[in-house]
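A.B. asks: Sharing target-v7.json, JSON, C-alpha atoms:
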[["chain", "number", "residue", "atom", "x", "y", "z"],
["A", 1, "MET", "CA", -3.35, 13.77, -60.68],
["A", 2, "GLU", "CA", -5.46, 13.82, -63.81],
["A", 3, "THR", "CA", -6.65, 16.78, -65.79],
["A", 4, "GLN", "CA", -10.28, 17.12, -66.77],
["A", 5, "ASN", "CA", -11.10, 17.19, -70.48],
["A", 6, "GLN", "CA", -14.34, 19.01, -71.30],
["A", 7, "PHE", "CA", -15.60, 16.37, -73.73],
["A", 8, "TYR", "CA", -13.97, 13.09, -72.77],
["A", 9, "GLY", "CA", -13.52, 13.27, -69.00],
["A", 10, "PRO", "CA", -10.20, 12.86, -67.19],
["A", 11, "THR", "CA", -7.06, 12.49, -69.29],
["A", 12, "PRO", "CA", -4.10, 10.55, -67.91],
["A", 13, "GLN", "CA", -0.85, 12.34, -67.27],
["A", 14, "ARG", "CA", 1.98, 11.75, -69.69],
["A", 15, "ALA", "CA", 5.71, 12.19, -69.49],
["A", 16, "LEU", "CA", 7.38, 15.28, -70.87],
["A", 17, "PRO", "CA", 8.65, 14.38, -74.35],
["A", 18, "ASN", "CA", 12.34, 15.21, -73.87],
["A", 19, "ALA", "CA", 12.80, 14.72, -70.11],
["A", 20, "THR", "CA", 14.84, 11.52, -70.39],
["A", 21, "ALA", "CA", 16.93, 12.90, -73.27],
["A", 22, "VAL", "CA", 17.69, 16.04, -71.25],
["A", 23, "LEU", "CA", 18.78, 13.95, -68.27],
["A", 24, "VAL", "CA", 21.04, 11.73, -70.40],
["A", 25, "LEU", "CA", 22.56, 14.69, -72.26],
["A", 26, "GLY", "CA", 23.08, 16.53, -68.98],
["A", 27, "ILE", "CA", 25.00, 13.60, -67.52],
["A", 28, "ILE", "CA", 27.02, 13.21, -70.73],
["A", 29, "SER", "CA", 27.85, 16.92, -70.60],
["A", 30, "ILE", "CA", 29.44, 16.42, -67.19],
["A", 31, "LEU", "CA", 31.34, 13.34, -68.32],
["A", 32, "GLY", "CA", 32.26, 14.98, -71.63],
["A", 33, "CYS", "CA", 34.23, 17.69, -69.89],
["A", 34, "SER", "CA", 37.27, 15.42, -70.01],
["A", 35, "CYS", "CA", 37.17, 15.44, -73.85],
["A", 36, "TYR", "CA", 38.82, 18.88, -73.98],
["A", 37, "GLY", "CA", 35.46, 20.37, -73.04],
["A", 38, "ILE", "CA", 34.01, 20.13, -76.54],
["A", 39, "LEU", "CA", 31.69, 17.14, -76.00],
["A", 40, "GLY", "CA", 30.47, 18.60, -72.70],
["A", 41, "LEU", "CA", 29.79, 21.94, -74.32],
["A", 42, "ILE", "CA", 27.82, 20.44, -77.22],
["A", 43, "CYS", "CA", 25.73, 18.08, -75.07],
["A", 44, "GLY", "CA", 25.09, 20.79, -72.48],
["A", 45, "ILE", "CA", 23.81, 23.25, -75.06],
["A", 46, "ILE", "CA", 21.53, 20.66, -76.67],
["A", 47, "ALA", "CA", 20.21, 19.61, -73.25],
["A", 48, "LEU", "CA", 19.40, 23.21, -72.30],
["A", 49, "ILE", "CA", 17.57, 23.84, -75.58],
["A", 50, "LEU", "CA", 15.44, 20.70, -75.13],
["A", 51, "ALA", "CA", 14.85, 21.53, -71.46],
["A", 52, "ASN", "CA", 13.60, 25.01, -72.29],
["A", 53, "LYS", "CA", 11.13, 23.58, -74.83],
["A", 54, "ASP", "CA", 9.81, 21.09, -72.27],
["A", 55, "LEU", "CA", 9.62, 23.76, -69.57],
["A", 56, "GLN", "CA", 7.38, 25.81, -71.85],
["A", 57, "LEU", "CA", 5.13, 22.77, -72.33],
["A", 58, "TYR", "CA", 5.04, 22.12, -68.61],
["A", 59, "ASN", "CA", 4.29, 25.73, -67.69],
["A", 60, "ALA", "CA", 1.42, 25.81, -70.20],
["A", 61, "ASP", "CA", -0.33, 22.83, -68.53],
["A", 62, "PRO", "CA", 1.42, 21.46, -65.40],
["A", 63, "GLY", "CA", -1.33, 18.96, -64.61],
["A", 64, "ALA", "CA", -0.89, 17.12, -67.91],
["A", 65, "TYR", "CA", 2.60, 15.82, -67.13],
["A", 66, "THR", "CA", 3.92, 13.37, -64.56],
["A", 67, "PRO", "CA", 5.93, 14.67, -61.61],
["A", 68, "GLY", "CA", 8.67, 12.12, -62.34],
["A", 69, "SER", "CA", 9.30, 13.45, -65.82],
["A", 70, "TYR", "CA", 9.42, 16.99, -64.46],
["A", 71, "SER", "CA", 11.98, 15.86, -61.87],
["A", 72, "ASN", "CA", 14.07, 14.26, -64.63],
["A", 73, "LEU", "CA", 13.85, 17.49, -66.59],
["A", 74, "LYS", "CA", 15.02, 19.59, -63.64],
["A", 75, "GLY", "CA", 17.86, 17.18, -62.84],
["A", 76, "GLY", "CA", 19.01, 17.06, -66.45],
["A", 77, "ARG", "CA", 18.90, 20.83, -66.70],
["A", 78, "ILE", "CA", 21.04, 21.18, -63.57],
["A", 79, "CYS", "CA", 23.52, 18.60, -64.90],
["A", 80, "ALA", "CA", 23.67, 20.43, -68.23],
["A", 81, "ILE", "CA", 24.41, 23.75, -66.52],
["A", 82, "ILE", "CA", 27.14, 22.15, -64.40],
["A", 83, "GLY", "CA", 28.60, 20.42, -67.48],
["A", 84, "LEU", "CA", 28.57, 23.68, -69.43],
["A", 85, "ILE", "CA", 30.35, 25.58, -66.68],
["A", 86, "ILE", "CA", 33.03, 22.93, -66.22],
["A", 87, "SER", "CA", 33.52, 22.61, -69.99],
["A", 88, "MET", "CA", 33.90, 26.36, -70.43],
["A", 89, "ILE", "CA", 36.43, 26.51, -67.59],
["A", 90, "TYR", "CA", 38.34, 23.62, -69.13],
["A", 91, "ILE", "CA", 38.39, 25.28, -72.57],
["A", 92, "VAL", "CA", 39.61, 28.56, -71.06],
["A", 93, "ILE", "CA", 42.40, 26.72, -69.23],
["A", 94, "ILE", "CA", 43.49, 24.99, -72.45],
["A", 95, "VAL", "CA", 43.49, 28.29, -74.36],
["A", 96, "ILE", "CA", 45.59, 29.91, -71.63],
["A", 97, "MET", "CA", 48.01, 26.97, -71.66],
["A", 98, "ILE", "CA", 48.38, 27.14, -75.44],
["A", 99, "ALA", "CA", 48.90, 30.90, -75.30],
["A", 100, "THR", "CA", 51.58, 30.70, -72.60],
["A", 101, "ILE", "CA", 53.50, 27.49, -73.26],
["A", 102, "GLY", "CA", 52.46, 26.53, -76.81],
["A", 103, "PHE", "CA", 51.30, 23.40, -78.55],
["A", 104, "GLU", "CA", 54.59, 21.53, -78.16],
["A", 105, "ALA", "CA", 54.30, 21.39, -74.40],
["A", 106, "LEU", "CA", 50.82, 19.91, -74.71],
["A", 107, "ARG", "CA", 51.98, 17.26, -77.21],
["A", 108, "HIS", "CA", 55.10, 16.18, -75.30],
["A", 109, "PRO", "CA", 54.81, 17.25, -71.66],
["A", 110, "GLN", "CA", 57.65, 14.96, -70.54],
["A", 111, "SER", "CA", 60.23, 16.69, -72.76],
["A", 112, "PHE", "CA", 59.01, 20.10, -71.60],
["A", 113, "MET", "CA", 59.50, 19.18, -67.94],
["A", 114, "THR", "CA", 63.09, 17.96, -68.42],
["A", 115, "HIS", "CA", 64.37, 21.19, -70.03]]
Can you turn what I pasted into structure tokens?

C.D. replies:
Amino acid sequence: METQNQFYGPTPQRALPNATAVLVLGIISILGCSCYGILGLICGIIALILANKDLQLYNADPGAYTPGSYSNLKGGRICAIIGLIISMIYIVIIVIMIATIGFEALRHPQSFMTH
């Protein structure tokens, strides 16, 4: 679908500028949950910020952007939200573990289990 330009005729659709980056960061945020939640949290936040900027662009002129890039944006945003939730849960679990059993049990779990 092409949009009509008043002076130059139809303009071709283009991809949203950050759609691929949002998708990649959203996937990394899910995978980064295993890095004590920090990498997932950082990538998820960045992905959501970029997604919100692109959503504003898309909502201003939906006909100017390709449906594929909008799908990538939605998928990346969903992945980023999932990655953020899992990362926050993981960080809360680690904080609870440190508060209840301390750092030593996290460093040497085998010696903690034998005592």

A.B. asks: Rank nothing, just name the residue among A:Leu57, A:Ala64, A:Ile94, A:Ile28 nearest to A:Ile42, using only C-alpha atoms.

C.D. replies: A:Ile28

A.B. asks: Set the distance at 8 Å and use all atoms listed in the file: which residues neighbour A:Tyr65 once local chain neighbours fewer than 3 positions away are removed? I'd like the list as a PDB file with C-alpha atoms, in the frame of the given file.

C.D. replies:
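Written file, result-v4.pdb:
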ATOM      1  CA  GLN A  13      -0.850  12.340 -67.270  1.00  0.00           C
ATOM      2  CA  ARG A  14       1.980  11.750 -69.690  1.00  0.00           C
ATOM      3  CA  ALA A  15       5.710  12.190 -69.490  1.00  0.00           C
ATOM      4  CA  LEU A  16       7.380  15.280 -70.870  1.00  0.00           C
ATOM      5  CA  TYR A  58       5.040  22.120 -68.610  1.00  0.00           C
ATOM      6  CA  ASP A  61      -0.330  22.830 -68.530  1.00  0.00           C
ATOM      7  CA  PRO A  62       1.420  21.460 -65.400  1.00  0.00           C
ATOM      8  CA  SER A  69       9.300  13.450 -65.820  1.00  0.00           C
ATOM      9  CA  TYR A  70       9.420  16.990 -64.460  1.00  0.00           C
TER      10      TYR A  70
END

A.B. asks: Any idea what's packed within 10 Å of stretch 19-25 of chain A, counting only C-alpha atoms, ignoring anything in its chain fewer than 2 positions away? Could you give it as a PyMOL selection string?

C.D. replies: chain A and resi 15-17+27-32+40+42-52+54-55+68-80+83

A.B. asks: Could you write out the selected residues, including C-alpha atoms, as a CSV table (one decimal), in the coordinates of the input?

C.D. replies:
chain,number,residue,atom,x,y,z
A,15,ALA,CA,5.7,12.2,-69.5
A,16,LEU,CA,7.4,15.3,-70.9
A,17,PRO,CA,8.6,14.4,-74.4
A,27,ILE,CA,25.0,13.6,-67.5
A,28,ILE,CA,27.0,13.2,-70.7
A,29,SER,CA,27.8,16.9,-70.6
A,30,ILE,CA,29.4,16.4,-67.2
A,31,LEU,CA,31.3,13.3,-68.3
A,32,GLY,CA,32.3,15.0,-71.6
A,40,GLY,CA,30.5,18.6,-72.7
A,42,ILE,CA,27.8,20.4,-77.2
A,43,CYS,CA,25.7,18.1,-75.1
A,44,GLY,CA,25.1,20.8,-72.5
A,45,ILE,CA,23.8,23.2,-75.1
A,46,ILE,CA,21.5,20.7,-76.7
A,47,ALA,CA,20.2,19.6,-73.2
A,48,LEU,CA,19.4,23.2,-72.3
A,49,ILE,CA,17.6,23.8,-75.6
A,50,LEU,CA,15.4,20.7,-75.1
A,51,ALA,CA,14.8,21.5,-71.5
A,52,ASN,CA,13.6,25.0,-72.3
A,54,ASP,CA,9.8,21.1,-72.3
A,55,LEU,CA,9.6,23.8,-69.6
A,68,GLY,CA,8.7,12.1,-62.3
A,69,SER,CA,9.3,13.4,-65.8
A,70,TYR,CA,9.4,17.0,-64.5
A,71,SER,CA,12.0,15.9,-61.9
A,72,ASN,CA,14.1,14.3,-64.6
A,73,LEU,CA,13.8,17.5,-66.6
A,74,LYS,CA,15.0,19.6,-63.6
A,75,GLY,CA,17.9,17.2,-62.8
A,76,GLY,CA,19.0,17.1,-66.4
A,77,ARG,CA,18.9,20.8,-66.7
A,78,ILE,CA,21.0,21.2,-63.6
A,79,CYS,CA,23.5,18.6,-64.9
A,80,ALA,CA,23.7,20.4,-68.2
A,83,GLY,CA,28.6,20.4,-67.5

A.B. asks: Can you work out which one of A:Thr66, A:Ala60, A:Cys35, A:Pro12 has the shortest atom-to-atom distance to A:Tyr90, counting all atoms listed in the file?

C.D. replies: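 Closest residue, counting all atoms listed in the file: A:Cys35.
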
A.B. asks: Enter the distance from atom CA of A:Ser34 to atom CA of A:Met88, in Å, rounded to one decimal.

C.D. replies: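 Atom-to-atom, atom CA of A:Ser34 to atom CA of A:Met88, that is 11.5 Å.
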
A.B. asks: Atom CA of A:Gly37 to atom CA of A:Ile86: how many Å, to one decimal?

C.D. replies: 7.7 Å

A.B. asks: What separation in Å, quoted to one decimal, exists between atom CA of A:Met97 and atom CA of A:Cys33?

C.D. replies: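 A separation of 16.7 Å between them.
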
A.B. asks: Using all atoms listed in the file, can you tell me which of A:Ser87, A:Asn59, A:Asn18, A:Thr11 comes closest to A:Leu39?

C.D. replies: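 Among the listed residues, A:Ser87 lies closest to A:Leu39.
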
A.B. asks: Since the input lacks atoms, please generate N, CA and C atoms for stretch 41-71 of chain A and provide them as a PDB file, in the coordinates of the input.

C.D. replies:
ATOM      1  N   LEU A  41      30.402  20.700 -73.861  1.00  0.00           N
ATOM      2  CA  LEU A  41      29.790  21.940 -74.320  1.00  0.00           C
ATOM      3  C   LEU A  41      28.640  21.661 -75.284  1.00  0.00           C
ATOM      4  N   ILE A  42      28.851  20.764 -76.232  1.00  0.00           N
ATOM      5  CA  ILE A  42      27.820  20.440 -77.220  1.00  0.00           C
ATOM      6  C   ILE A  42      26.600  19.800 -76.550  1.00  0.00           C
ATOM      7  N   CYS A  43      26.845  18.772 -75.731  1.00  0.00           N
ATOM      8  CA  CYS A  43      25.730  18.080 -75.070  1.00  0.00           C
ATOM      9  C   CYS A  43      24.997  19.001 -74.101  1.00  0.00           C
ATOM     10  N   GLY A  44      25.717  19.861 -73.416  1.00  0.00           N
ATOM     11  CA  GLY A  44      25.090  20.790 -72.480  1.00  0.00           C
ATOM     12  C   GLY A  44      24.177  21.787 -73.184  1.00  0.00           C
ATOM     13  N   ILE A  45      24.619  22.296 -74.316  1.00  0.00           N
ATOM     14  CA  ILE A  45      23.810  23.250 -75.060  1.00  0.00           C
ATOM     15  C   ILE A  45      22.545  22.581 -75.594  1.00  0.00           C
ATOM     16  N   ILE A  46      22.697  21.384 -76.157  1.00  0.00           N
ATOM     17  CA  ILE A  46      21.530  20.660 -76.670  1.00  0.00           C
ATOM     18  C   ILE A  46      20.548  20.354 -75.544  1.00  0.00           C
ATOM     19  N   ALA A  47      21.077  19.930 -74.392  1.00  0.00           N
ATOM     20  CA  ALA A  47      20.210  19.610 -73.250  1.00  0.00           C
ATOM     21  C   ALA A  47      19.442  20.841 -72.782  1.00  0.00           C
ATOM     22  N   LEU A  48      20.094  21.992 -72.739  1.00  0.00           N
ATOM     23  CA  LEU A  48      19.400  23.210 -72.300  1.00  0.00           C
ATOM     24  C   LEU A  48      18.321  23.649 -73.292  1.00  0.00           C
ATOM     25  N   ILE A  49      18.577  23.479 -74.578  1.00  0.00           N
ATOM     26  CA  ILE A  49      17.570  23.840 -75.580  1.00  0.00           C
ATOM     27  C   ILE A  49      16.338  22.948 -75.428  1.00  0.00           C
ATOM     28  N   LEU A  50      16.572  21.627 -75.303  1.00  0.00           N
ATOM     29  CA  LEU A  50      15.440  20.700 -75.130  1.00  0.00           C
ATOM     30  C   LEU A  50      14.724  20.950 -73.811  1.00  0.00           C
ATOM     31  N   ALA A  51      15.473  21.272 -72.759  1.00  0.00           N
ATOM     32  CA  ALA A  51      14.850  21.530 -71.460  1.00  0.00           C
ATOM     33  C   ALA A  51      13.968  22.766 -71.506  1.00  0.00           C
ATOM     34  N   ASN A  52      14.416  23.799 -72.194  1.00  0.00           N
ATOM     35  CA  ASN A  52      13.600  25.010 -72.290  1.00  0.00           C
ATOM     36  C   ASN A  52      12.299  24.753 -73.053  1.00  0.00           C
ATOM     37  N   LYS A  53      12.355  23.918 -74.097  1.00  0.00           N
ATOM     38  CA  LYS A  53      11.130  23.580 -74.830  1.00  0.00           C
ATOM     39  C   LYS A  53      10.156  22.826 -73.927  1.00  0.00           C
ATOM     40  N   ASP A  54      10.684  21.857 -73.173  1.00  0.00           N
ATOM     41  CA  ASP A  54       9.810  21.090 -72.270  1.00  0.00           C
ATOM     42  C   ASP A  54       9.298  21.936 -71.114  1.00  0.00           C
ATOM     43  N   LEU A  55      10.096  22.872 -70.631  1.00  0.00           N
ATOM     44  CA  LEU A  55       9.620  23.760 -69.570  1.00  0.00           C
ATOM     45  C   LEU A  55       8.455  24.615 -70.045  1.00  0.00           C
ATOM     46  N   GLN A  56       8.499  25.047 -71.289  1.00  0.00           N
ATOM     47  CA  GLN A  56       7.380  25.810 -71.850  1.00  0.00           C
ATOM     48  C   GLN A  56       6.118  24.953 -71.912  1.00  0.00           C
ATOM     49  N   LEU A  57       6.277  23.680 -72.310  1.00  0.00           N
ATOM     50  CA  LEU A  57       5.130  22.770 -72.330  1.00  0.00           C
ATOM     51  C   LEU A  57       4.574  22.570 -70.933  1.00  0.00           C
ATOM     52  N   TYR A  58       5.469  22.364 -69.983  1.00  0.00           N
ATOM     53  CA  TYR A  58       5.040  22.120 -68.610  1.00  0.00           C
ATOM     54  C   TYR A  58       4.341  23.338 -68.022  1.00  0.00           C
ATOM     55  N   ASN A  59       4.894  24.507 -68.244  1.00  0.00           N
ATOM     56  CA  ASN A  59       4.290  25.730 -67.690  1.00  0.00           C
ATOM     57  C   ASN A  59       2.932  26.028 -68.319  1.00  0.00           C
ATOM     58  N   ALA A  60       2.711  25.591 -69.547  1.00  0.00           N
ATOM     59  CA  ALA A  60       1.420  25.810 -70.200  1.00  0.00           C
ATOM     60  C   ALA A  60       0.318  24.954 -69.558  1.00  0.00           C
ATOM     61  N   ASP A  61       0.665  23.725 -69.134  1.00  0.00           N
ATOM     62  CA  ASP A  61      -0.330  22.830 -68.530  1.00  0.00           C
ATOM     63  C   ASP A  61       0.367  21.869 -67.564  1.00  0.00           C
ATOM     64  N   PRO A  62       0.673  22.295 -66.337  1.00  0.00           N
ATOM     65  CA  PRO A  62       1.420  21.460 -65.400  1.00  0.00           C
ATOM     66  C   PRO A  62       0.713  20.161 -65.016  1.00  0.00           C
ATOM     67  N   GLY A  63      -0.606  20.148 -65.009  1.00  0.00           N
ATOM     68  CA  GLY A  63      -1.330  18.960 -64.610  1.00  0.00           C
ATOM     69  C   GLY A  63      -1.315  17.838 -65.629  1.00  0.00           C
ATOM     70  N   ALA A  64      -0.874  18.124 -66.850  1.00  0.00           N
ATOM     71  CA  ALA A  64      -0.890  17.120 -67.910  1.00  0.00           C
ATOM     72  C   ALA A  64       0.334  16.217 -67.900  1.00  0.00           C
ATOM     73  N   TYR A  65       1.333  16.562 -67.102  1.00  0.00           N
ATOM     74  CA  TYR A  65       2.600  15.820 -67.130  1.00  0.00           C
ATOM     75  C   TYR A  65       2.904  15.206 -65.773  1.00  0.00           C
ATOM     76  N   THR A  66       3.604  14.090 -65.801  1.00  0.00           N
ATOM     77  CA  THR A  66       3.920  13.370 -64.560  1.00  0.00           C
ATOM     78  C   THR A  66       4.988  14.109 -63.765  1.00  0.00           C
ATOM     79  N   PRO A  67       4.911  14.022 -62.440  1.00  0.00           N
ATOM     80  CA  PRO A  67       5.930  14.670 -61.610  1.00  0.00           C
ATOM     81  C   PRO A  67       7.323  14.062 -61.815  1.00  0.00           C
ATOM     82  N   GLY A  68       7.371  12.766 -62.124  1.00  0.00           N
ATOM     83  CA  GLY A  68       8.670  12.120 -62.340  1.00  0.00           C
ATOM     84  C   GLY A  68       9.392  12.660 -63.558  1.00  0.00           C
ATOM     85  N   SER A  69       8.646  12.906 -64.625  1.00  0.00           N
ATOM     86  CA  SER A  69       9.300  13.450 -65.820  1.00  0.00           C
ATOM     87  C   SER A  69       9.750  14.885 -65.581  1.00  0.00           C
ATOM     88  N   TYR A  70       8.991  15.624 -64.783  1.00  0.00           N
ATOM     89  CA  TYR A  70       9.420  16.990 -64.460  1.00  0.00           C
ATOM     90  C   TYR A  70      10.684  16.963 -63.592  1.00  0.00           C
ATOM     91  N   SER A  71      10.774  16.001 -62.685  1.00  0.00           N
ATOM     92  CA  SER A  71      11.980  15.860 -61.870  1.00  0.00           C
ATOM     93  C   SER A  71      13.182  15.497 -62.735  1.00  0.00           C
TER      94      SER A  71
END
